[in-house]
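Source file: upload-v8.txt (compact mmCIF, N, CA and C atoms)
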# COMPACT_ATOMS: atom_id res chain seq x y z
N GLN A 1 1.50 47.10 -193.01
CA GLN A 1 0.43 47.69 -193.78
C GLN A 1 0.04 49.03 -193.15
N VAL A 2 0.05 50.07 -193.95
CA VAL A 2 -0.32 51.39 -193.47
C VAL A 2 -1.83 51.48 -193.34
N GLN A 3 -2.29 51.95 -192.20
CA GLN A 3 -3.72 52.16 -192.00
C GLN A 3 -3.96 53.59 -191.54
N LEU A 4 -5.02 54.18 -192.07
CA LEU A 4 -5.41 55.54 -191.72
C LEU A 4 -6.88 55.52 -191.30
N VAL A 5 -7.16 56.11 -190.16
CA VAL A 5 -8.53 56.13 -189.64
C VAL A 5 -8.90 57.57 -189.29
N GLU A 6 -9.88 58.09 -190.02
CA GLU A 6 -10.34 59.46 -189.77
C GLU A 6 -11.47 59.47 -188.75
N SER A 7 -11.60 60.60 -188.07
CA SER A 7 -12.72 60.81 -187.15
C SER A 7 -12.95 62.31 -187.01
N GLY A 8 -14.10 62.65 -186.43
CA GLY A 8 -14.37 64.05 -186.13
C GLY A 8 -15.37 64.74 -187.03
N GLY A 9 -15.84 64.06 -188.05
CA GLY A 9 -16.82 64.67 -188.92
C GLY A 9 -18.17 64.81 -188.23
N GLY A 10 -19.10 65.50 -188.90
CA GLY A 10 -20.43 65.67 -188.34
C GLY A 10 -21.19 66.75 -189.05
N LEU A 11 -22.31 67.14 -188.41
CA LEU A 11 -23.18 68.18 -188.94
C LEU A 11 -22.94 69.46 -188.14
N VAL A 12 -22.73 70.56 -188.84
CA VAL A 12 -22.47 71.84 -188.18
C VAL A 12 -23.13 72.95 -188.98
N GLN A 13 -23.52 74.01 -188.30
CA GLN A 13 -24.10 75.15 -189.00
C GLN A 13 -23.01 75.99 -189.64
N ALA A 14 -23.39 76.71 -190.67
CA ALA A 14 -22.45 77.61 -191.33
C ALA A 14 -21.85 78.57 -190.30
N GLY A 15 -20.55 78.78 -190.42
CA GLY A 15 -19.83 79.61 -189.46
C GLY A 15 -19.23 78.84 -188.31
N GLY A 16 -19.61 77.59 -188.18
CA GLY A 16 -19.12 76.76 -187.08
C GLY A 16 -17.76 76.14 -187.38
N SER A 17 -17.34 75.29 -186.45
CA SER A 17 -16.01 74.67 -186.54
C SER A 17 -16.09 73.17 -186.28
N LEU A 18 -15.15 72.46 -186.87
CA LEU A 18 -14.94 71.05 -186.60
C LEU A 18 -13.45 70.78 -186.64
N ARG A 19 -13.01 69.75 -185.91
CA ARG A 19 -11.64 69.29 -186.02
C ARG A 19 -11.64 67.83 -186.41
N LEU A 20 -11.03 67.54 -187.54
CA LEU A 20 -10.87 66.17 -188.01
C LEU A 20 -9.54 65.62 -187.54
N SER A 21 -9.53 64.33 -187.25
CA SER A 21 -8.30 63.64 -186.87
C SER A 21 -8.08 62.46 -187.80
N CYS A 22 -6.84 62.13 -188.00
CA CYS A 22 -6.48 60.97 -188.81
C CYS A 22 -5.36 60.24 -188.08
N ALA A 23 -5.67 59.07 -187.55
CA ALA A 23 -4.68 58.26 -186.84
C ALA A 23 -4.03 57.29 -187.81
N ALA A 24 -2.70 57.31 -187.84
CA ALA A 24 -1.95 56.47 -188.77
C ALA A 24 -1.22 55.36 -188.02
N SER A 25 -1.08 54.22 -188.68
CA SER A 25 -0.33 53.12 -188.10
C SER A 25 0.35 52.35 -189.22
N GLY A 26 1.35 51.57 -188.87
CA GLY A 26 1.98 50.70 -189.84
C GLY A 26 3.34 51.13 -190.33
N ARG A 27 3.80 52.34 -189.94
CA ARG A 27 5.14 52.77 -190.32
C ARG A 27 5.52 53.98 -189.47
N THR A 28 6.76 54.45 -189.66
CA THR A 28 7.24 55.60 -188.90
C THR A 28 6.58 56.87 -189.42
N PHE A 29 5.60 57.33 -188.70
CA PHE A 29 4.75 58.44 -189.13
C PHE A 29 5.54 59.71 -189.39
N SER A 30 6.50 60.00 -188.55
CA SER A 30 7.18 61.30 -188.59
C SER A 30 7.99 61.53 -189.87
N LYS A 31 8.28 60.48 -190.62
CA LYS A 31 9.10 60.62 -191.83
C LYS A 31 8.30 61.09 -193.04
N TYR A 32 6.99 61.09 -192.94
CA TYR A 32 6.16 61.26 -194.14
C TYR A 32 5.26 62.48 -194.08
N SER A 33 5.11 63.11 -195.25
CA SER A 33 4.08 64.12 -195.40
C SER A 33 2.71 63.45 -195.37
N MET A 34 1.70 64.24 -195.06
CA MET A 34 0.32 63.75 -195.04
C MET A 34 -0.57 64.76 -195.75
N GLY A 35 -1.68 64.29 -196.26
CA GLY A 35 -2.58 65.19 -196.96
C GLY A 35 -4.03 64.97 -196.55
N TRP A 36 -4.83 66.02 -196.73
CA TRP A 36 -6.29 65.94 -196.60
C TRP A 36 -6.91 66.30 -197.95
N PHE A 37 -7.88 65.49 -198.35
CA PHE A 37 -8.65 65.72 -199.56
C PHE A 37 -10.12 65.65 -199.21
N ARG A 38 -10.97 66.09 -200.12
CA ARG A 38 -12.41 65.97 -199.90
C ARG A 38 -13.12 65.70 -201.22
N GLN A 39 -14.29 65.10 -201.10
CA GLN A 39 -15.09 64.80 -202.28
C GLN A 39 -16.55 65.06 -201.98
N ALA A 40 -17.12 66.00 -202.72
CA ALA A 40 -18.53 66.33 -202.59
C ALA A 40 -19.32 65.48 -203.58
N PRO A 41 -20.62 65.27 -203.33
CA PRO A 41 -21.44 64.46 -204.24
C PRO A 41 -21.38 64.98 -205.66
N GLY A 42 -21.11 64.09 -206.60
CA GLY A 42 -21.09 64.46 -208.01
C GLY A 42 -19.85 65.21 -208.45
N LYS A 43 -18.87 65.36 -207.56
CA LYS A 43 -17.65 66.08 -207.89
C LYS A 43 -16.44 65.19 -207.71
N GLU A 44 -15.34 65.60 -208.33
CA GLU A 44 -14.09 64.87 -208.19
C GLU A 44 -13.46 65.17 -206.83
N ARG A 45 -12.61 64.24 -206.40
CA ARG A 45 -11.87 64.46 -205.17
C ARG A 45 -10.93 65.65 -205.35
N GLU A 46 -10.88 66.52 -204.35
CA GLU A 46 -10.05 67.71 -204.47
C GLU A 46 -9.13 67.87 -203.26
N PHE A 47 -8.01 68.48 -203.51
CA PHE A 47 -7.00 68.74 -202.49
C PHE A 47 -7.52 69.78 -201.50
N VAL A 48 -7.20 69.56 -200.22
CA VAL A 48 -7.55 70.51 -199.18
C VAL A 48 -6.27 71.10 -198.55
N ALA A 49 -5.41 70.22 -198.04
CA ALA A 49 -4.21 70.70 -197.35
C ALA A 49 -3.19 69.57 -197.25
N THR A 50 -1.94 69.95 -197.10
CA THR A 50 -0.90 68.97 -196.86
C THR A 50 0.11 69.53 -195.87
N ILE A 51 0.73 68.63 -195.12
CA ILE A 51 1.77 69.02 -194.17
C ILE A 51 2.96 68.10 -194.38
N SER A 52 4.13 68.67 -194.50
CA SER A 52 5.32 67.87 -194.75
C SER A 52 5.86 67.30 -193.44
N TRP A 53 6.86 66.45 -193.58
CA TRP A 53 7.50 65.87 -192.39
C TRP A 53 8.20 66.97 -191.57
N LYS A 54 8.52 68.11 -192.26
CA LYS A 54 9.12 69.25 -191.56
C LYS A 54 8.07 70.24 -191.06
N THR A 55 6.80 69.87 -191.21
CA THR A 55 5.63 70.69 -190.83
C THR A 55 5.42 71.91 -191.71
N ASN A 56 5.98 71.91 -192.93
CA ASN A 56 5.59 72.92 -193.90
C ASN A 56 4.19 72.60 -194.38
N THR A 57 3.38 73.63 -194.59
CA THR A 57 1.99 73.42 -194.97
C THR A 57 1.63 74.12 -196.28
N VAL A 58 0.69 73.53 -197.00
CA VAL A 58 0.13 74.10 -198.22
C VAL A 58 -1.37 73.89 -198.17
N TYR A 59 -2.13 74.91 -198.60
CA TYR A 59 -3.58 74.85 -198.55
C TYR A 59 -4.18 75.16 -199.92
N ALA A 60 -5.34 74.58 -200.18
CA ALA A 60 -6.13 75.00 -201.33
C ALA A 60 -6.61 76.43 -201.10
N ASP A 61 -6.74 77.17 -202.17
CA ASP A 61 -7.18 78.57 -202.04
C ASP A 61 -8.54 78.66 -201.37
N SER A 62 -9.38 77.68 -201.61
CA SER A 62 -10.76 77.73 -201.09
C SER A 62 -10.83 77.61 -199.57
N VAL A 63 -9.76 77.11 -198.93
CA VAL A 63 -9.80 76.93 -197.47
C VAL A 63 -8.75 77.77 -196.76
N LYS A 64 -7.90 78.44 -197.50
CA LYS A 64 -6.80 79.21 -196.92
C LYS A 64 -7.38 80.27 -195.96
N GLY A 65 -6.80 80.34 -194.78
CA GLY A 65 -7.26 81.30 -193.77
C GLY A 65 -8.38 80.78 -192.90
N ARG A 66 -8.97 79.65 -193.27
CA ARG A 66 -10.07 79.06 -192.47
C ARG A 66 -9.68 77.71 -191.88
N PHE A 67 -8.90 76.94 -192.62
CA PHE A 67 -8.51 75.59 -192.19
C PHE A 67 -7.04 75.60 -191.77
N THR A 68 -6.71 74.75 -190.81
CA THR A 68 -5.33 74.59 -190.37
C THR A 68 -5.00 73.11 -190.25
N ILE A 69 -3.96 72.67 -190.93
CA ILE A 69 -3.48 71.30 -190.82
C ILE A 69 -2.31 71.27 -189.84
N SER A 70 -2.28 70.23 -189.02
CA SER A 70 -1.20 70.09 -188.06
C SER A 70 -0.97 68.60 -187.82
N ARG A 71 0.13 68.30 -187.11
CA ARG A 71 0.43 66.90 -186.84
C ARG A 71 1.04 66.76 -185.45
N ASP A 72 0.81 65.60 -184.87
CA ASP A 72 1.40 65.24 -183.58
C ASP A 72 2.10 63.91 -183.79
N ASN A 73 3.41 63.97 -183.96
CA ASN A 73 4.15 62.74 -184.26
C ASN A 73 4.15 61.76 -183.09
N ALA A 74 4.03 62.26 -181.89
CA ALA A 74 3.98 61.36 -180.73
C ALA A 74 2.71 60.52 -180.73
N LYS A 75 1.65 61.06 -181.34
CA LYS A 75 0.37 60.34 -181.40
C LYS A 75 0.10 59.76 -182.78
N ASN A 76 1.06 59.90 -183.71
CA ASN A 76 0.86 59.41 -185.08
C ASN A 76 -0.44 59.92 -185.69
N THR A 77 -0.71 61.18 -185.48
CA THR A 77 -2.00 61.74 -185.87
C THR A 77 -1.82 63.06 -186.61
N VAL A 78 -2.62 63.24 -187.66
CA VAL A 78 -2.69 64.51 -188.36
C VAL A 78 -4.09 65.08 -188.16
N TYR A 79 -4.17 66.40 -188.03
CA TYR A 79 -5.43 67.07 -187.73
C TYR A 79 -5.78 68.06 -188.85
N LEU A 80 -7.07 68.33 -188.95
CA LEU A 80 -7.53 69.40 -189.81
C LEU A 80 -8.55 70.21 -189.01
N GLN A 81 -8.13 71.39 -188.55
CA GLN A 81 -9.03 72.29 -187.85
C GLN A 81 -9.75 73.14 -188.88
N MET A 82 -11.06 73.07 -188.87
CA MET A 82 -11.87 73.77 -189.86
C MET A 82 -12.73 74.80 -189.17
N ASN A 83 -12.49 76.07 -189.46
CA ASN A 83 -13.25 77.17 -188.89
C ASN A 83 -14.03 77.90 -189.98
N SER A 84 -14.99 78.70 -189.56
CA SER A 84 -15.80 79.49 -190.50
C SER A 84 -16.32 78.61 -191.63
N LEU A 85 -16.88 77.50 -191.27
CA LEU A 85 -17.33 76.54 -192.29
C LEU A 85 -18.47 77.10 -193.12
N LYS A 86 -18.47 76.70 -194.39
CA LYS A 86 -19.47 77.13 -195.36
C LYS A 86 -20.21 75.91 -195.90
N PRO A 87 -21.41 76.09 -196.40
CA PRO A 87 -22.13 74.94 -197.00
C PRO A 87 -21.32 74.26 -198.10
N GLU A 88 -20.54 75.02 -198.82
CA GLU A 88 -19.74 74.43 -199.91
C GLU A 88 -18.58 73.58 -199.40
N ASP A 89 -18.34 73.57 -198.09
CA ASP A 89 -17.34 72.67 -197.51
C ASP A 89 -17.90 71.28 -197.27
N THR A 90 -19.20 71.10 -197.49
CA THR A 90 -19.82 69.79 -197.30
C THR A 90 -19.20 68.76 -198.23
N ALA A 91 -18.71 67.67 -197.66
CA ALA A 91 -18.02 66.64 -198.43
C ALA A 91 -17.62 65.51 -197.51
N VAL A 92 -17.17 64.43 -198.11
CA VAL A 92 -16.46 63.40 -197.35
C VAL A 92 -14.98 63.78 -197.36
N TYR A 93 -14.39 63.81 -196.21
CA TYR A 93 -12.99 64.22 -196.06
C TYR A 93 -12.12 62.98 -195.84
N TYR A 94 -11.02 62.92 -196.58
CA TYR A 94 -10.11 61.78 -196.53
C TYR A 94 -8.71 62.25 -196.16
N CYS A 95 -8.04 61.49 -195.32
CA CYS A 95 -6.62 61.73 -195.16
C CYS A 95 -5.86 60.73 -196.02
N ALA A 96 -4.64 61.10 -196.37
CA ALA A 96 -3.87 60.29 -197.30
C ALA A 96 -2.40 60.33 -196.94
N ALA A 97 -1.73 59.22 -197.26
CA ALA A 97 -0.30 59.09 -196.99
C ALA A 97 0.41 58.58 -198.25
N PRO A 98 1.64 59.01 -198.46
CA PRO A 98 2.36 58.59 -199.66
C PRO A 98 2.94 57.19 -199.53
N ALA A 99 3.51 56.71 -200.61
CA ALA A 99 4.11 55.38 -200.64
C ALA A 99 5.31 55.31 -199.68
N LEU A 100 5.68 54.08 -199.34
CA LEU A 100 6.74 53.85 -198.37
C LEU A 100 8.08 54.45 -198.81
N ASP A 101 8.31 54.56 -200.14
CA ASP A 101 9.59 55.07 -200.62
C ASP A 101 9.62 56.58 -200.73
N ARG A 102 8.61 57.26 -200.18
CA ARG A 102 8.55 58.72 -200.28
C ARG A 102 8.75 59.39 -198.91
N ALA A 103 9.59 58.80 -198.10
CA ALA A 103 9.95 59.43 -196.84
C ALA A 103 10.73 60.71 -197.11
N TYR A 104 10.55 61.69 -196.27
CA TYR A 104 11.27 62.97 -196.35
C TYR A 104 11.03 63.69 -197.68
N VAL A 105 9.85 63.52 -198.24
CA VAL A 105 9.46 64.21 -199.47
C VAL A 105 8.36 65.20 -199.12
N SER A 106 8.40 66.38 -199.74
CA SER A 106 7.40 67.40 -199.46
C SER A 106 6.00 66.91 -199.81
N GLY A 107 5.01 67.46 -199.13
CA GLY A 107 3.64 67.08 -199.40
C GLY A 107 3.20 67.49 -200.79
N SER A 108 2.21 66.78 -201.32
CA SER A 108 1.74 67.02 -202.68
C SER A 108 0.27 67.39 -202.68
N GLN A 109 -0.12 68.15 -203.72
CA GLN A 109 -1.52 68.50 -203.92
C GLN A 109 -2.22 67.51 -204.84
N TRP A 110 -1.47 66.53 -205.32
CA TRP A 110 -2.00 65.60 -206.31
C TRP A 110 -2.37 64.27 -205.68
N ALA A 111 -3.61 63.87 -205.83
CA ALA A 111 -4.10 62.64 -205.22
C ALA A 111 -3.32 61.42 -205.72
N ASP A 112 -2.84 61.46 -206.96
CA ASP A 112 -2.11 60.33 -207.53
C ASP A 112 -0.81 60.03 -206.79
N GLU A 113 -0.32 61.00 -206.03
CA GLU A 113 0.95 60.80 -205.33
C GLU A 113 0.77 60.25 -203.93
N TYR A 114 -0.46 59.84 -203.61
CA TYR A 114 -0.74 59.22 -202.32
C TYR A 114 -1.20 57.79 -202.57
N ASP A 115 -0.63 56.87 -201.81
CA ASP A 115 -0.94 55.45 -201.99
C ASP A 115 -1.92 54.91 -200.96
N TYR A 116 -2.02 55.59 -199.82
CA TYR A 116 -2.86 55.08 -198.73
C TYR A 116 -3.92 56.11 -198.37
N TRP A 117 -5.14 55.61 -198.18
CA TRP A 117 -6.27 56.49 -197.90
C TRP A 117 -7.08 55.95 -196.74
N GLY A 118 -7.64 56.87 -195.98
CA GLY A 118 -8.57 56.45 -194.95
C GLY A 118 -9.94 56.18 -195.54
N GLN A 119 -10.88 55.81 -194.68
CA GLN A 119 -12.22 55.46 -195.13
C GLN A 119 -13.09 56.69 -195.35
N GLY A 120 -12.65 57.83 -194.85
CA GLY A 120 -13.38 59.07 -195.03
C GLY A 120 -14.30 59.37 -193.86
N THR A 121 -14.54 60.67 -193.64
CA THR A 121 -15.48 61.10 -192.61
C THR A 121 -16.34 62.22 -193.19
N GLN A 122 -17.64 62.11 -192.98
CA GLN A 122 -18.59 63.05 -193.58
C GLN A 122 -18.63 64.36 -192.79
N VAL A 123 -18.54 65.45 -193.52
CA VAL A 123 -18.73 66.78 -192.96
C VAL A 123 -19.89 67.43 -193.70
N THR A 124 -20.91 67.84 -192.95
CA THR A 124 -22.07 68.48 -193.53
C THR A 124 -22.27 69.84 -192.87
N VAL A 125 -22.31 70.88 -193.70
CA VAL A 125 -22.47 72.24 -193.19
C VAL A 125 -23.82 72.76 -193.67
N SER A 126 -24.69 73.07 -192.73
CA SER A 126 -26.02 73.56 -193.07
C SER A 126 -26.03 75.08 -193.12
N SER A 127 -26.88 75.60 -194.00
CA SER A 127 -26.94 77.06 -194.17
C SER A 127 -27.95 77.68 -193.22

Take the structure I supplied and represent it as structure tokens, if you would.
Amino acid sequence: QVQLVESGGGLVQAGGSLRLSCAASGRTFSKYSMGWFRQAPGKEREFVATISWKTNTVYADSVKGRFTISRDNAKNTVYLQMNSLKPEDTAVYYCAAPALDRAYVSGSQWADEYDYWGQGTQVTVSS
């Protein structure tokens, strides 16, 4: 059973930084792309970033140049470094992993293509 556990959220002032972590277990982590999504109150879940098994990355336009996704296969962990945070970045952040049969497939911006989700970590940016 694939399990994803996020950590690193919190309260930060605008312009500050946070680093989110997502620890994965239950399968060979290095074979799979991973994604970060977020959901603000009253809004739909939206794509933030994805990293492929080859470490190719894709970002939402709203975070490009401020956020960096990375992975450490030795630690089975994916990270989201968030800099220059804005109040509009306030949301619950989720990491996601694709189905078992999607090894060696590029990361996706579509939530429907991820089968496993973490419990989420709250990020609050004050103005």

Report as JSON lines: every residue of region 28-49 of chain A with an atom at most 9 Å from region 59-62 of chain A, its closest pair of atoms, and their distance in Å to one decimal, counting only C-alpha atoms, with rows sorted by chain and ascending residue number.
{"residue": "A:Glu46", "atom": "CA", "partner": "A:Ala60", "partner_atom": "CA", "distance": 8.9}
{"residue": "A:Phe47", "atom": "CA", "partner": "A:Ala60", "partner_atom": "CA", "distance": 6.4}
{"residue": "A:Val48", "atom": "CA", "partner": "A:Ala60", "partner_atom": "CA", "distance": 5.2}
{"residue": "A:Ala49", "atom": "CA", "partner": "A:Tyr59", "partner_atom": "CA", "distance": 4.4}

For each of A:Val2, A:Val78, A:Val58, A:Ala14, take the minimum atom-to-atom distance to Gln109 (chain A), counting only N, CA and C atoms, then give the residue where this is smallest.
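Going through A:Val2, A:Val78, A:Val58, A:Ala14 one by one, the smallest distance to Gln109 (chain A) is for A:Val58.
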
My list of candidates is A:Thr57, A:Ser70, A:Gln81, A:Gln122. Which is closest to Leu18 (chain A) when distances are computed with all atoms listed in the file?
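Comparing A:Thr57, A:Ser70, A:Gln81, A:Gln122 against Leu18 (chain A), the winner is A:Gln81.
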
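Closest approach to Gly9 (chain A) among A:Thr124, A:Ser33, A:Asn73, A:Thr55 is made by A:Thr124 (distances from only N, CA and C atoms).
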
Residue among A:Val105, A:Leu85, A:Val125, A:Cys95 lying closest to Gly15 (chain A), counting only C-alpha atoms:
A:Leu85

Which residue out of A:Pro87, A:Pro41, A:Gly107, A:Gly35 has the minimum interatomic distance to Lys54 (chain A) when all atoms listed in the file are used?
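For Lys54 (chain A), the nearest of the candidates is A:Gly107.
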
Among the residues A:Met82, A:Ile51, A:Pro98, A:Asn76, the one that comes closest to Asp112 (chain A) [using only C-alpha atoms]
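Ranked by minimum distance to Asp112 (chain A), first place goes to A:Pro98.
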
Just to confirm, what's the straight-line distance from atom C of Trp53 (chain A) to atom N of Phe37 (chain A) in Å (one decimal)?
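That distance, rounded to one decimal, is 17.5 Å.
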